Amino acid sequence: MAVERTLSIIKPDATARNLTGKIIAKLEEGGLRVVAQKRVRWDEADAAAFYAVHKQRPFYQDLVAFMTSGPIVLQVLEGENAVARNREIMGATNPENAAPGTIRKEFAENIERNSVHGSDSAENASLEIGLVFQESEIVG
Ligand code: IDP
Ligand code: MG
C-alpha cells in the first residue's frame, strides 16, 4: 500500500449540527491525518465546478443548492490507501445502506444530506484537491 491523499468535505448538514469535531475524530481514529483544512461557503459557481461530473444526474440541482446552503469544511486527508480508507470510514452514499460505525450511518440525515464527501479514485482525488487547495496550504 502507498501513502495517498484524498479530498474530504464536511457538508452543510453536518456543520449545521456542529458535528465537525466528531467527524474529524472518526477520520483520525480511522488512521487518516488532516494535512489541510479550511471552512468556506461555496457559491453556485464553486459547487458547479466541483460537481461538473454529476451535471446529468437527476439530483444535480438539489445537490448544488444543498452544498451552497451553509458552511462546509474542505480537507486533504493523508494516509495508507487514503482514498479507499476514507470511503470505508464514510460508509455508503445512502445512510440506510451504510455499515455500523461509519460516519454516514451515525450522522447522515438521508441520501443527499449525508454529511461527508470523499474522492472516489486517486485520479479524482488529485483533481479535486487541485481545485480547492493551493499546494502551499497542504502541510504534511
Ligand atoms: P458519494 O458521495 O458516495 O461518492 P455520489 O454518487 O458521487 O456519491 O453522489 C454525490 C452526492 O450526491 C452524494 O454524496 C449525495 O449528497 C448526492 N446524491 C447521490 N445520489 C443521490 C440521490 O439519489 N438523491 C439525492 N442526492 C443524491
Ligand atoms: Mg462521489
# chains A, B, ... in the order shown; residues from 1 in each chain; ligands from 1
>>> closest_atom_pairs(of="chain A", to="ligand 1", cutoff="10 Å", atoms="only C-alpha atoms and all ligand atoms", output="JSON lines")
{"residue": "A:Ile9", "atom": "CA", "partner": "ligand 1", "partner_atom_place_in_ligand_line": "2 (O)", "distance": 9.7}
{"residue": "A:Lys11", "atom": "CA", "partner": "ligand 1", "partner_atom_place_in_ligand_line": "16 (O)", "distance": 8.5}
{"residue": "A:Tyr51", "atom": "CA", "partner": "ligand 1", "partner_atom_place_in_ligand_line": "10 (C)", "distance": 7.9}
{"residue": "A:Val53", "atom": "CA", "partner": "ligand 1", "partner_atom_place_in_ligand_line": "7 (O)", "distance": 8.7}
{"residue": "A:His54", "atom": "CA", "partner": "ligand 1", "partner_atom_place_in_ligand_line": "10 (C)", "distance": 7.4}
{"residue": "A:Arg57", "atom": "CA", "partner": "ligand 1", "partner_atom_place_in_ligand_line": "20 (N)", "distance": 8.4}
{"residue": "A:Pro58", "atom": "CA", "partner": "ligand 1", "partner_atom_place_in_ligand_line": "24 (N)", "distance": 7.7}
{"residue": "A:Phe59", "atom": "CA", "partner": "ligand 1", "partner_atom_place_in_ligand_line": "25 (C)", "distance": 5.0}
{"residue": "A:Tyr60", "atom": "CA", "partner": "ligand 1", "partner_atom_place_in_ligand_line": "12 (O)", "distance": 7.2}
{"residue": "A:Gln61", "atom": "CA", "partner": "ligand 1", "partner_atom_place_in_ligand_line": "26 (N)", "distance": 9.5}
{"residue": "A:Asp62", "atom": "CA", "partner": "ligand 1", "partner_atom_place_in_ligand_line": "26 (N)", "distance": 7.2}
{"residue": "A:Leu63", "atom": "CA", "partner": "ligand 1", "partner_atom_place_in_ligand_line": "12 (O)", "distance": 5.8}
{"residue": "A:Val64", "atom": "CA", "partner": "ligand 1", "partner_atom_place_in_ligand_line": "12 (O)", "distance": 8.9}
{"residue": "A:Phe66", "atom": "CA", "partner": "ligand 1", "partner_atom_place_in_ligand_line": "16 (O)", "distance": 8.2}
{"residue": "A:Met67", "atom": "CA", "partner": "ligand 1", "partner_atom_place_in_ligand_line": "16 (O)", "distance": 8.4}
{"residue": "A:Arg87", "atom": "CA", "partner": "ligand 1", "partner_atom_place_in_ligand_line": "3 (O)", "distance": 7.8}
{"residue": "A:Met90", "atom": "CA", "partner": "ligand 1", "partner_atom_place_in_ligand_line": "3 (O)", "distance": 8.3}
{"residue": "A:Gly91", "atom": "CA", "partner": "ligand 1", "partner_atom_place_in_ligand_line": "3 (O)", "distance": 7.9}
{"residue": "A:Ala92", "atom": "CA", "partner": "ligand 1", "partner_atom_place_in_ligand_line": "3 (O)", "distance": 6.0}
{"residue": "A:Thr93", "atom": "CA", "partner": "ligand 1", "partner_atom_place_in_ligand_line": "3 (O)", "distance": 3.8}
{"residue": "A:Asn94", "atom": "CA", "partner": "ligand 1", "partner_atom_place_in_ligand_line": "20 (N)", "distance": 7.5}
{"residue": "A:Pro95", "atom": "CA", "partner": "ligand 1", "partner_atom_place_in_ligand_line": "3 (O)", "distance": 9.8}
{"residue": "A:Arg104", "atom": "CA", "partner": "ligand 1", "partner_atom_place_in_ligand_line": "3 (O)", "distance": 9.6}
{"residue": "A:Ala108", "atom": "CA", "partner": "ligand 1", "partner_atom_place_in_ligand_line": "16 (O)", "distance": 9.7}
{"residue": "A:Asn110", "atom": "CA", "partner": "ligand 1", "partner_atom_place_in_ligand_line": "25 (C)", "distance": 8.2}
{"residue": "A:Ile111", "atom": "CA", "partner": "ligand 1", "partner_atom_place_in_ligand_line": "26 (N)", "distance": 5.4}
{"residue": "A:Glu112", "atom": "CA", "partner": "ligand 1", "partner_atom_place_in_ligand_line": "26 (N)", "distance": 3.7}
{"residue": "A:Arg113", "atom": "CA", "partner": "ligand 1", "partner_atom_place_in_ligand_line": "16 (O)", "distance": 5.6}
{"residue": "A:Asn114", "atom": "CA", "partner": "ligand 1", "partner_atom_place_in_ligand_line": "16 (O)", "distance": 5.6}
{"residue": "A:Ser115", "atom": "CA", "partner": "ligand 1", "partner_atom_place_in_ligand_line": "16 (O)", "distance": 7.8}
{"residue": "A:Val116", "atom": "CA", "partner": "ligand 1", "partner_atom_place_in_ligand_line": "14 (O)", "distance": 6.9}
{"residue": "A:His117", "atom": "CA", "partner": "ligand 1", "partner_atom_place_in_ligand_line": "2 (O)", "distance": 5.0}
{"residue": "A:Gly118", "atom": "CA", "partner": "ligand 1", "partner_atom_place_in_ligand_line": "4 (O)", "distance": 6.3}
{"residue": "A:Ser119", "atom": "CA", "partner": "ligand 1", "partner_atom_place_in_ligand_line": "4 (O)", "distance": 6.8}
{"residue": "A:Asp120", "atom": "CA", "partner": "ligand 1", "partner_atom_place_in_ligand_line": "4 (O)", "distance": 6.1}
{"residue": "A:Ser121", "atom": "CA", "partner": "ligand 1", "partner_atom_place_in_ligand_line": "4 (O)", "distance": 9.9}
>>> write_last_selection(atoms="N, CA, C and O atoms", output="compact mmCIF listing (two decimals), in the first residue's frame")
# COMPACT_ATOMS: atom_id res chain seq x y z
N ILE A 9 -14.91 16.46 2.31
CA ILE A 9 -15.71 17.65 2.62
C ILE A 9 -16.70 17.30 3.71
O ILE A 9 -17.43 16.30 3.59
N LYS A 11 -20.07 18.33 4.99
CA LYS A 11 -21.14 19.01 4.26
C LYS A 11 -22.01 19.89 5.17
O LYS A 11 -21.96 19.76 6.40
N TYR A 51 -18.90 19.71 -8.92
CA TYR A 51 -19.80 18.60 -9.25
C TYR A 51 -20.10 18.50 -10.74
O TYR A 51 -21.11 17.90 -11.13
N VAL A 53 -19.03 16.59 -12.89
CA VAL A 53 -19.18 15.18 -13.29
C VAL A 53 -20.62 14.68 -13.08
O VAL A 53 -21.05 13.74 -13.74
N HIS A 54 -21.38 15.33 -12.18
CA HIS A 54 -22.75 14.89 -11.90
C HIS A 54 -23.82 15.71 -12.64
O HIS A 54 -25.01 15.57 -12.37
N ARG A 57 -27.00 14.08 -13.76
CA ARG A 57 -27.75 13.24 -12.82
C ARG A 57 -28.99 14.01 -12.35
O ARG A 57 -28.97 15.23 -12.23
N PRO A 58 -30.08 13.29 -12.07
CA PRO A 58 -31.35 13.97 -11.72
C PRO A 58 -31.27 14.80 -10.45
O PRO A 58 -32.05 15.75 -10.29
N PHE A 59 -30.34 14.47 -9.55
CA PHE A 59 -30.26 15.17 -8.28
C PHE A 59 -29.29 16.35 -8.31
O PHE A 59 -29.07 17.00 -7.28
N TYR A 60 -28.74 16.67 -9.49
CA TYR A 60 -27.68 17.69 -9.58
C TYR A 60 -28.09 19.05 -9.02
O TYR A 60 -27.36 19.65 -8.22
N GLN A 61 -29.25 19.57 -9.44
CA GLN A 61 -29.67 20.91 -8.99
C GLN A 61 -29.85 20.96 -7.47
O GLN A 61 -29.45 21.92 -6.82
N ASP A 62 -30.47 19.91 -6.94
CA ASP A 62 -30.66 19.83 -5.49
C ASP A 62 -29.32 19.76 -4.76
O ASP A 62 -29.14 20.36 -3.70
N LEU A 63 -28.39 19.02 -5.35
CA LEU A 63 -27.08 18.86 -4.72
C LEU A 63 -26.35 20.20 -4.67
O LEU A 63 -25.76 20.56 -3.63
N VAL A 64 -26.40 20.96 -5.76
CA VAL A 64 -25.75 22.28 -5.78
C VAL A 64 -26.43 23.20 -4.76
O VAL A 64 -25.75 23.91 -4.00
N PHE A 66 -27.99 22.33 -2.03
CA PHE A 66 -27.60 21.84 -0.69
C PHE A 66 -26.17 22.27 -0.35
O PHE A 66 -25.91 22.80 0.75
N MET A 67 -25.25 22.06 -1.27
CA MET A 67 -23.83 22.33 -0.97
C MET A 67 -23.51 23.82 -0.84
O MET A 67 -22.45 24.18 -0.34
N ARG A 87 -13.35 6.18 2.13
CA ARG A 87 -14.67 5.70 1.70
C ARG A 87 -15.21 4.67 2.70
O ARG A 87 -16.41 4.63 2.95
N MET A 90 -16.37 6.62 5.76
CA MET A 90 -17.59 7.37 5.44
C MET A 90 -18.83 6.49 5.43
O MET A 90 -19.89 6.90 5.89
N GLY A 91 -18.73 5.31 4.82
CA GLY A 91 -19.89 4.45 4.62
C GLY A 91 -20.60 4.75 3.32
O GLY A 91 -20.27 5.71 2.61
N ALA A 92 -21.60 3.94 3.00
CA ALA A 92 -22.32 4.03 1.72
C ALA A 92 -23.03 5.37 1.56
O ALA A 92 -23.43 5.99 2.54
N THR A 93 -23.21 5.78 0.30
CA THR A 93 -23.87 7.05 -0.03
C THR A 93 -25.20 7.20 0.69
O THR A 93 -25.50 8.25 1.27
N ASN A 94 -26.02 6.15 0.64
CA ASN A 94 -27.31 6.15 1.33
C ASN A 94 -27.09 5.63 2.77
O ASN A 94 -26.71 4.47 2.94
N PRO A 95 -27.36 6.45 3.78
CA PRO A 95 -27.08 6.00 5.16
C PRO A 95 -27.83 4.73 5.54
O PRO A 95 -27.38 3.98 6.41
N ARG A 104 -21.54 8.10 7.90
CA ARG A 104 -22.88 8.28 7.33
C ARG A 104 -23.93 7.51 8.13
O ARG A 104 -25.06 7.99 8.29
N ALA A 108 -25.52 10.88 9.01
CA ALA A 108 -26.24 11.38 7.82
C ALA A 108 -27.74 11.46 8.07
O ALA A 108 -28.31 10.63 8.79
N ASN A 110 -30.00 11.77 5.27
CA ASN A 110 -30.60 10.99 4.16
C ASN A 110 -29.57 10.90 3.04
O ASN A 110 -28.43 11.33 3.20
N ILE A 111 -29.99 10.34 1.89
CA ILE A 111 -29.03 10.07 0.81
C ILE A 111 -28.38 11.34 0.29
O ILE A 111 -27.23 11.32 -0.18
N GLU A 112 -29.08 12.49 0.34
CA GLU A 112 -28.48 13.74 -0.10
C GLU A 112 -27.69 14.40 1.04
O GLU A 112 -26.51 14.74 0.88
N ARG A 113 -28.33 14.55 2.17
CA ARG A 113 -27.72 15.23 3.32
C ARG A 113 -26.93 14.19 4.11
O ARG A 113 -27.29 13.80 5.22
N ASN A 114 -25.82 13.75 3.48
CA ASN A 114 -25.10 12.59 4.01
C ASN A 114 -23.73 12.95 4.62
O ASN A 114 -22.84 12.13 4.69
N SER A 115 -23.61 14.19 5.06
CA SER A 115 -22.57 14.64 6.00
C SER A 115 -21.15 14.78 5.45
O SER A 115 -20.41 15.64 5.92
N VAL A 116 -20.74 13.91 4.53
CA VAL A 116 -19.37 13.97 4.04
C VAL A 116 -19.26 13.63 2.55
O VAL A 116 -20.07 12.87 2.02
N HIS A 117 -18.23 14.20 1.93
CA HIS A 117 -17.79 13.82 0.59
C HIS A 117 -16.42 13.18 0.71
O HIS A 117 -15.60 13.60 1.54
N GLY A 118 -16.13 12.22 -0.14
CA GLY A 118 -14.77 11.68 -0.26
C GLY A 118 -14.49 11.32 -1.70
O GLY A 118 -15.35 10.74 -2.37
N SER A 119 -13.30 11.65 -2.18
CA SER A 119 -12.93 11.32 -3.57
C SER A 119 -13.09 9.82 -3.80
O SER A 119 -12.90 9.01 -2.89
N ASP A 120 -13.43 9.45 -5.07
CA ASP A 120 -13.71 8.04 -5.35
C ASP A 120 -12.58 7.32 -6.09
O ASP A 120 -12.69 6.14 -6.38
N SER A 121 -11.49 8.04 -6.41
CA SER A 121 -10.33 7.39 -7.05
C SER A 121 -9.12 8.30 -6.83
O SER A 121 -9.28 9.50 -6.52
>>> residues_around(residues="range 32-45 of chain A", least_positions_apart="6", cutoff="6 Å", atoms="only C-alpha atoms", output="list in words")
Thr68, Pro71, Ile72, Val73, Leu74, Gln75, Val76, Leu77, Glu78, Gly79, Ile138, Val139 and Gly140 of chain A
>>> atom_distance(atom1="CA of Phe107 in chain A", atom2="CA of Val132 in chain A")
24.6 Å
>>> atom_distance(atom1="CA of Glu128 in chain A", atom2="CA of Arg5 in chain A")
10.6 Å
>>> select_by_dssp(residues="range 30-129 of chain A", states="strand (DSSP E)", output="PyMOL selection string")
chain A and resi 33-40+72-80+116-118
>>> select_by_dssp(residues="range 26-98 of chain A", states="alpha helix (DSSP H)", output="PyMOL selection string")
chain A and resi 26-29+44-50+60-67+82-90
>>> residues_around(residues="Ala2 in chain A", least_positions_apart="3", cutoff="12 Å", atoms="only C-alpha atoms", output="list of chain:residue names")
A:Arg5, A:Glu78, A:Gly79, A:Glu80, A:Asn81, A:Ala82, A:Val83, A:Ala84, A:Arg85, A:Ala122
>>> write_last_selection(atoms="N, CA and C atoms", output="compact mmCIF listing (two decimals), in the first residue's frame")
# COMPACT_ATOMS: atom_id res chain seq x y z
N ARG A 5 -3.22 10.78 -0.83
CA ARG A 5 -4.04 11.89 -0.34
C ARG A 5 -5.42 11.82 -0.99
N GLU A 78 -4.50 12.38 4.52
CA GLU A 78 -3.32 11.62 4.07
C GLU A 78 -3.22 10.34 4.88
N GLY A 79 -2.80 9.27 4.21
CA GLY A 79 -2.58 8.00 4.92
C GLY A 79 -2.43 6.86 3.93
N GLU A 80 -2.17 5.68 4.47
CA GLU A 80 -2.07 4.47 3.65
C GLU A 80 -3.41 4.27 2.95
N ASN A 81 -3.37 4.17 1.63
CA ASN A 81 -4.59 3.84 0.89
C ASN A 81 -5.73 4.81 1.20
N ALA A 82 -5.41 6.10 1.31
CA ALA A 82 -6.35 7.08 1.87
C ALA A 82 -7.68 7.18 1.12
N VAL A 83 -7.67 7.00 -0.20
CA VAL A 83 -8.93 7.13 -0.96
C VAL A 83 -9.91 6.06 -0.50
N ALA A 84 -9.49 4.81 -0.54
CA ALA A 84 -10.38 3.70 -0.16
C ALA A 84 -10.66 3.71 1.34
N ARG A 85 -9.64 4.02 2.12
CA ARG A 85 -9.82 4.04 3.58
C ARG A 85 -10.89 5.07 3.96
N ALA A 122 -7.95 7.74 -7.00
CA ALA A 122 -6.73 8.55 -6.82
C ALA A 122 -6.69 9.68 -7.84
>>> closest_residue(among="A:Asn124, A:Thr102, A:Asn97, A:Ser69", to="ligand 2", atoms="only C-alpha atoms and all ligand atoms")
A:Asn124
>>> atom_distance(atom1="CA of Phe50 in chain A", atom2="CA of Leu131 in chain A")
7.5 Å
>>> closest_residue(among="A:Ile103, A:Ala52, A:Ile23, A:Ala16", to="ligand 2", atoms="only C-alpha atoms and all ligand atoms")
A:Ala52
>>> decode(residues="range 9-46 of chain A", atoms="N, CA, C and O atoms", output="mmCIF file, in the first residue's frame")
data_model
loop_
_atom_site.group_PDB
_atom_site.id
_atom_site.type_symbol
_atom_site.label_atom_id
_atom_site.label_comp_id
_atom_site.auth_asym_id
_atom_site.auth_seq_id
_atom_site.Cartn_x
_atom_site.Cartn_y
_atom_site.Cartn_z
ATOM 1 N N ILE A 9 -14.905 16.457 2.312
ATOM 2 C CA ILE A 9 -15.707 17.654 2.615
ATOM 3 C C ILE A 9 -16.703 17.297 3.708
ATOM 4 O O ILE A 9 -17.430 16.300 3.588
ATOM 5 N N ILE A 10 -16.719 18.104 4.757
ATOM 6 C CA ILE A 10 -17.779 18.007 5.760
ATOM 7 C C ILE A 10 -18.903 18.925 5.265
ATOM 8 O O ILE A 10 -18.703 20.121 5.066
ATOM 9 N N LYS A 11 -20.067 18.334 4.994
ATOM 10 C CA LYS A 11 -21.139 19.013 4.256
ATOM 11 C C LYS A 11 -22.009 19.888 5.174
ATOM 12 O O LYS A 11 -21.961 19.764 6.401
ATOM 13 N N PRO A 12 -22.854 20.754 4.563
ATOM 14 C CA PRO A 12 -23.645 21.708 5.353
ATOM 15 C C PRO A 12 -24.571 21.077 6.395
ATOM 16 O O PRO A 12 -24.816 21.687 7.440
ATOM 17 N N ASP A 13 -25.093 19.882 6.144
ATOM 18 C CA ASP A 13 -25.971 19.266 7.168
ATOM 19 C C ASP A 13 -25.189 18.990 8.442
ATOM 20 O O ASP A 13 -25.733 19.067 9.542
ATOM 21 N N ALA A 14 -23.902 18.669 8.289
ATOM 22 C CA ALA A 14 -23.068 18.338 9.449
ATOM 23 C C ALA A 14 -22.552 19.595 10.152
ATOM 24 O O ALA A 14 -22.552 19.657 11.388
ATOM 25 N N THR A 15 -22.135 20.615 9.380
ATOM 26 C CA THR A 15 -21.681 21.849 10.051
ATOM 27 C C THR A 15 -22.852 22.488 10.797
ATOM 28 O O THR A 15 -22.672 23.031 11.888
ATOM 29 N N ALA A 16 -24.078 22.388 10.236
ATOM 30 C CA ALA A 16 -25.252 22.983 10.891
ATOM 31 C C ALA A 16 -25.518 22.344 12.248
ATOM 32 O O ALA A 16 -26.010 22.997 13.167
ATOM 33 N N ARG A 17 -25.171 21.041 12.375
ATOM 34 C CA ARG A 17 -25.432 20.331 13.635
ATOM 35 C C ARG A 17 -24.183 20.273 14.521
ATOM 36 O O ARG A 17 -24.146 19.520 15.493
ATOM 37 N N ASN A 18 -23.163 21.074 14.156
ATOM 38 C CA ASN A 18 -21.944 21.189 14.977
ATOM 39 C C ASN A 18 -21.225 19.853 15.134
ATOM 40 O O ASN A 18 -20.716 19.534 16.213
ATOM 41 N N LEU A 19 -21.145 19.091 14.022
ATOM 42 C CA LEU A 19 -20.547 17.749 14.059
ATOM 43 C C LEU A 19 -19.122 17.711 13.518
ATOM 44 O O LEU A 19 -18.557 16.630 13.351
ATOM 45 N N THR A 20 -18.541 18.879 13.249
ATOM 46 C CA THR A 20 -17.205 18.898 12.633
ATOM 47 C C THR A 20 -16.195 18.072 13.449
ATOM 48 O O THR A 20 -15.485 17.233 12.903
ATOM 49 N N GLY A 21 -16.147 18.324 14.740
ATOM 50 C CA GLY A 21 -15.158 17.633 15.589
ATOM 51 C C GLY A 21 -15.393 16.139 15.650
ATOM 52 O O GLY A 21 -14.443 15.344 15.598
ATOM 53 N N LYS A 22 -16.655 15.732 15.747
ATOM 54 C CA LYS A 22 -16.952 14.292 15.826
ATOM 55 C C LYS A 22 -16.554 13.585 14.527
ATOM 56 O O LYS A 22 -16.084 12.455 14.541
ATOM 57 N N ILE A 23 -16.750 14.267 13.395
ATOM 58 C CA ILE A 23 -16.373 13.660 12.109
ATOM 59 C C ILE A 23 -14.843 13.589 11.984
ATOM 60 O O ILE A 23 -14.292 12.565 11.575
ATOM 61 N N ILE A 24 -14.157 14.653 12.364
ATOM 62 C CA ILE A 24 -12.690 14.624 12.300
ATOM 63 C C ILE A 24 -12.150 13.509 13.202
ATOM 64 O O ILE A 24 -11.211 12.795 12.830
ATOM 65 N N ALA A 25 -12.749 13.329 14.373
ATOM 66 C CA ALA A 25 -12.284 12.260 15.281
ATOM 67 C C ALA A 25 -12.392 10.904 14.593
ATOM 68 O O ALA A 25 -11.477 10.074 14.696
ATOM 69 N N LYS A 26 -13.482 10.658 13.866
ATOM 70 C CA LYS A 26 -13.634 9.365 13.183
ATOM 71 C C LYS A 26 -12.569 9.180 12.091
ATOM 72 O O LYS A 26 -12.034 8.088 11.907
ATOM 73 N N LEU A 27 -12.269 10.272 11.373
ATOM 74 C CA LEU A 27 -11.249 10.184 10.321
ATOM 75 C C LEU A 27 -9.889 9.879 10.941
ATOM 76 O O LEU A 27 -9.137 9.020 10.458
ATOM 77 N N GLU A 28 -9.565 10.564 12.034
ATOM 78 C CA GLU A 28 -8.262 10.361 12.691
ATOM 79 C C GLU A 28 -8.184 8.972 13.332
ATOM 80 O O GLU A 28 -7.155 8.286 13.213
ATOM 81 N N GLU A 29 -9.258 8.559 13.993
ATOM 82 C CA GLU A 29 -9.267 7.219 14.611
ATOM 83 C C GLU A 29 -9.143 6.141 13.539
ATOM 84 O O GLU A 29 -8.625 5.058 13.805
ATOM 85 N N GLY A 30 -9.605 6.444 12.324
ATOM 86 C CA GLY A 30 -9.520 5.502 11.213
ATOM 87 C C GLY A 30 -8.149 5.474 10.546
ATOM 88 O O GLY A 30 -7.960 4.769 9.567
ATOM 89 N N GLY A 31 -7.225 6.257 11.040
ATOM 90 C CA GLY A 31 -5.852 6.198 10.545
ATOM 91 C C GLY A 31 -5.486 7.275 9.536
ATOM 92 O O GLY A 31 -4.397 7.243 8.969
ATOM 93 N N LEU A 32 -6.379 8.233 9.321
ATOM 94 C CA LEU A 32 -6.082 9.311 8.365
ATOM 95 C C LEU A 32 -5.636 10.564 9.116
ATOM 96 O O LEU A 32 -6.029 10.793 10.259
ATOM 97 N N ARG A 33 -4.822 11.363 8.428
ATOM 98 C CA ARG A 33 -4.256 12.576 9.015
ATOM 99 C C ARG A 33 -4.774 13.778 8.223
ATOM 100 O O ARG A 33 -4.749 13.755 6.983
ATOM 101 N N VAL A 34 -5.254 14.805 8.913
ATOM 102 C CA VAL A 34 -5.721 16.023 8.239
ATOM 103 C C VAL A 34 -4.490 16.880 7.935
ATOM 104 O O VAL A 34 -3.870 17.413 8.855
ATOM 105 N N VAL A 35 -4.132 17.014 6.657
ATOM 106 C CA VAL A 35 -2.922 17.774 6.293
ATOM 107 C C VAL A 35 -3.260 19.131 5.659
ATOM 108 O O VAL A 35 -2.356 19.920 5.369
ATOM 109 N N ALA A 36 -4.560 19.380 5.460
ATOM 110 C CA ALA A 36 -5.032 20.710 5.039
ATOM 111 C C ALA A 36 -6.492 20.803 5.437
ATOM 112 O O ALA A 36 -7.210 19.800 5.389
ATOM 113 N N GLN A 37 -6.907 22.005 5.836
ATOM 114 C CA GLN A 37 -8.313 22.158 6.239
ATOM 115 C C GLN A 37 -8.713 23.624 6.169
ATOM 116 O O GLN A 37 -7.971 24.484 6.621
ATOM 117 N N LYS A 38 -9.895 23.883 5.616
ATOM 118 C CA LYS A 38 -10.451 25.240 5.680
ATOM 119 C C LYS A 38 -11.974 25.194 5.620
ATOM 120 O O LYS A 38 -12.553 24.352 4.933
ATOM 121 N N ARG A 39 -12.587 26.138 6.352
ATOM 122 C CA ARG A 39 -14.042 26.254 6.369
ATOM 123 C C ARG A 39 -14.417 27.374 5.412
ATOM 124 O O ARG A 39 -13.895 28.482 5.520
ATOM 125 N N VAL A 40 -15.304 27.067 4.473
ATOM 126 C CA VAL A 40 -15.686 28.035 3.441
ATOM 127 C C VAL A 40 -17.190 27.942 3.204
ATOM 128 O O VAL A 40 -17.859 27.019 3.670
ATOM 129 N N ARG A 41 -17.709 28.915 2.463
ATOM 130 C CA ARG A 41 -19.083 28.816 1.966
ATOM 131 C C ARG A 41 -19.011 28.902 0.454
ATOM 132 O O ARG A 41 -18.511 29.891 -0.094
ATOM 133 N N TRP A 42 -19.467 27.864 -0.232
ATOM 134 C CA TRP A 42 -19.428 27.852 -1.689
ATOM 135 C C TRP A 42 -20.561 28.685 -2.271
ATOM 136 O O TRP A 42 -21.683 28.680 -1.737
ATOM 137 N N ASP A 43 -20.270 29.338 -3.435
ATOM 138 C CA ASP A 43 -21.359 29.897 -4.229
ATOM 139 C C ASP A 43 -21.686 28.882 -5.341
ATOM 140 O O ASP A 43 -21.061 27.820 -5.433
ATOM 141 N N GLU A 44 -22.675 29.239 -6.172
ATOM 142 C CA GLU A 44 -23.136 28.277 -7.165
ATOM 143 C C GLU A 44 -22.032 27.874 -8.146
ATOM 144 O O GLU A 44 -21.941 26.701 -8.538
ATOM 145 N N ALA A 45 -21.188 28.818 -8.499
ATOM 146 C CA ALA A 45 -20.104 28.516 -9.445
ATOM 147 C C ALA A 45 -19.100 27.534 -8.835
ATOM 148 O O ALA A 45 -18.605 26.639 -9.527
ATOM 149 N N ASP A 46 -18.806 27.710 -7.545
ATOM 150 C CA ASP A 46 -17.885 26.779 -6.869
ATOM 151 C C ASP A 46 -18.453 25.354 -6.893
ATOM 152 O O ASP A 46 -17.752 24.388 -7.219
#
